[in-house]
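These notes are about the structure you will find just below.
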Amino acid sequence: MSSYVTLNLNSDFRRAYARGKVYTSPALVIYILRNRAGICRIGITASKKIGNAVQRNRARRVIRAAAEMLPELQSGYDIVFVARTKTIQKKSTEINKSMERLLRTAGVIKEDEK
């Protein structure tokens, strides 16, 4: 995966939730918003609906591991990954497949030029 910066500010997450395009799967929700920074910024969240702190941390860890296996992303996007209750029952490879499918649908993954 190409280099990326993590989203840290609450305002950045709120902007992605309010203005971003939403893509869903049973284990993951992705909010994608174009930014002017020219870099890819990624944020990962897990709400208290997921479970206790151990389960939320596992969900975030699985999503982070799946994001590391992604092919190169186009620059200029803010991407927020939101864990769902089924996330904690899945492995990172399963999350990676659904993540890649959703990002291809969104047109964020760079296509190989052959």
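By convention here, the chains of the structure tokens are called A, B, ... in the order presented, each chain's residues are numbered starting at 1, and ligands are numbered starting at 1 in the order presented.
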
Please extract the residues of chain A with a backbone DSSP assignment of strand (DSSP E or B) and present them as number ranges by chain. A: 5-6, 21-25, 28-34, 41-45, 73, 77-83, 109

Selected residues written out, N, CA and C atoms, as an mmCIF file, in the first residue's frame:
```
data_model
loop_
_atom_site.group_PDB
_atom_site.id
_atom_site.type_symbol
_atom_site.label_atom_id
_atom_site.label_comp_id
_atom_site.auth_asym_id
_atom_site.auth_seq_id
_atom_site.Cartn_x
_atom_site.Cartn_y
_atom_site.Cartn_z
ATOM 1 N N VAL A 5 -1.437 9.029 5.620
ATOM 2 C CA VAL A 5 -1.425 9.744 6.888
ATOM 3 C C VAL A 5 -2.698 9.352 7.622
ATOM 4 N N THR A 6 -2.628 9.252 8.942
ATOM 5 C CA THR A 6 -3.824 8.888 9.694
ATOM 6 C C THR A 6 -4.644 10.128 10.029
ATOM 7 N N LYS A 21 -19.043 9.748 0.645
ATOM 8 C CA LYS A 21 -19.858 8.707 0.031
ATOM 9 C C LYS A 21 -19.689 7.439 0.854
ATOM 10 N N VAL A 22 -20.783 6.715 1.064
ATOM 11 C CA VAL A 22 -20.786 5.558 1.959
ATOM 12 C C VAL A 22 -20.845 4.268 1.150
ATOM 13 N N TYR A 23 -20.012 3.322 1.519
ATOM 14 C CA TYR A 23 -20.017 1.979 0.939
ATOM 15 C C TYR A 23 -20.057 0.996 2.106
ATOM 16 N N THR A 24 -20.951 0.011 2.031
ATOM 17 C CA THR A 24 -21.129 -0.901 3.163
ATOM 18 C C THR A 24 -20.977 -2.352 2.756
ATOM 19 N N SER A 25 -20.558 -3.136 3.707
ATOM 20 C CA SER A 25 -20.552 -4.593 3.619
ATOM 21 C C SER A 25 -20.990 -5.085 4.996
ATOM 22 N N LEU A 28 -18.072 -4.147 7.410
ATOM 23 C CA LEU A 28 -17.318 -2.908 7.316
ATOM 24 C C LEU A 28 -18.144 -1.815 6.649
ATOM 25 N N VAL A 29 -17.951 -0.584 7.105
ATOM 26 C CA VAL A 29 -18.527 0.591 6.451
ATOM 27 C C VAL A 29 -17.366 1.505 6.085
ATOM 28 N N ILE A 30 -17.388 2.041 4.868
ATOM 29 C CA ILE A 30 -16.324 2.926 4.416
ATOM 30 C C ILE A 30 -16.935 4.254 3.980
ATOM 31 N N TYR A 31 -16.383 5.347 4.508
ATOM 32 C CA TYR A 31 -16.744 6.697 4.084
ATOM 33 C C TYR A 31 -15.568 7.241 3.288
ATOM 34 N N ILE A 32 -15.844 7.723 2.071
ATOM 35 C CA ILE A 32 -14.788 8.235 1.207
ATOM 36 C C ILE A 32 -15.115 9.668 0.819
ATOM 37 N N LEU A 33 -14.137 10.537 1.013
ATOM 38 C CA LEU A 33 -14.304 11.948 0.705
ATOM 39 C C LEU A 33 -13.040 12.452 0.029
ATOM 40 N N ARG A 34 -13.208 13.185 -1.041
ATOM 41 C CA ARG A 34 -12.074 13.773 -1.747
ATOM 42 C C ARG A 34 -11.490 14.903 -0.889
ATOM 43 N N ARG A 41 -5.477 9.943 3.292
ATOM 44 C CA ARG A 41 -5.556 9.951 4.756
ATOM 45 C C ARG A 41 -6.572 8.900 5.179
ATOM 46 N N ILE A 42 -6.200 8.092 6.168
ATOM 47 C CA ILE A 42 -7.039 6.980 6.604
ATOM 48 C C ILE A 42 -7.345 7.093 8.089
ATOM 49 N N GLY A 43 -8.613 6.831 8.435
ATOM 50 C CA GLY A 43 -9.037 6.791 9.825
ATOM 51 C C GLY A 43 -9.793 5.505 10.095
ATOM 52 N N ILE A 44 -9.675 4.981 11.303
ATOM 53 C CA ILE A 44 -10.338 3.737 11.691
ATOM 54 C C ILE A 44 -11.092 3.985 12.989
ATOM 55 N N THR A 45 -12.376 3.594 13.008
ATOM 56 C CA THR A 45 -13.168 3.767 14.217
ATOM 57 C C THR A 45 -13.931 2.494 14.550
ATOM 58 N N LEU A 73 -3.380 2.937 -3.304
ATOM 59 C CA LEU A 73 -4.575 3.775 -3.393
ATOM 60 C C LEU A 73 -4.255 5.076 -4.112
ATOM 61 N N TYR A 77 -7.653 11.413 -1.138
ATOM 62 C CA TYR A 77 -8.893 10.941 -0.527
ATOM 63 C C TYR A 77 -8.740 10.826 0.983
ATOM 64 N N ASP A 78 -9.835 11.122 1.689
ATOM 65 C CA ASP A 78 -9.961 10.792 3.100
ATOM 66 C C ASP A 78 -10.825 9.548 3.170
ATOM 67 N N ILE A 79 -10.338 8.510 3.813
ATOM 68 C CA ILE A 79 -11.061 7.244 3.916
ATOM 69 C C ILE A 79 -11.222 6.901 5.386
ATOM 70 N N VAL A 80 -12.470 6.691 5.806
ATOM 71 C CA VAL A 80 -12.754 6.310 7.184
ATOM 72 C C VAL A 80 -13.354 4.911 7.172
ATOM 73 N N PHE A 81 -12.705 3.984 7.863
ATOM 74 C CA PHE A 81 -13.196 2.622 8.008
ATOM 75 C C PHE A 81 -13.904 2.513 9.350
ATOM 76 N N VAL A 82 -15.145 2.053 9.332
ATOM 77 C CA VAL A 82 -15.925 1.907 10.556
ATOM 78 C C VAL A 82 -16.205 0.423 10.761
ATOM 79 N N ALA A 83 -15.838 -0.083 11.926
ATOM 80 C CA ALA A 83 -16.052 -1.488 12.257
ATOM 81 C C ALA A 83 -17.531 -1.737 12.549
ATOM 82 N N ILE A 109 -8.886 2.582 -5.744
ATOM 83 C CA ILE A 109 -7.687 1.759 -5.959
ATOM 84 C C ILE A 109 -7.152 2.012 -7.363
#
```

Which of chain A counts as alpha helix (DSSP H) under DSSP, as JSON, numbers by chain please? {"A": [10, 11, 12, 13, 14, 15, 16, 17, 18, 19, 53, 54, 55, 56, 57, 58, 59, 60, 61, 62, 63, 64, 65, 66, 67, 68, 92, 93, 94, 95, 96, 97, 98, 99, 100, 101, 102, 103, 104, 105, 106]}

Pick the closest to Val62 in chain A from A:Ile50, A:Ala106, A:Thr87, A:Ala18: which is it, counting only C-alpha atoms?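 Going through A:Ile50, A:Ala106, A:Thr87, A:Ala18 one by one, the smallest distance to Val62 in chain A is for A:Thr87.
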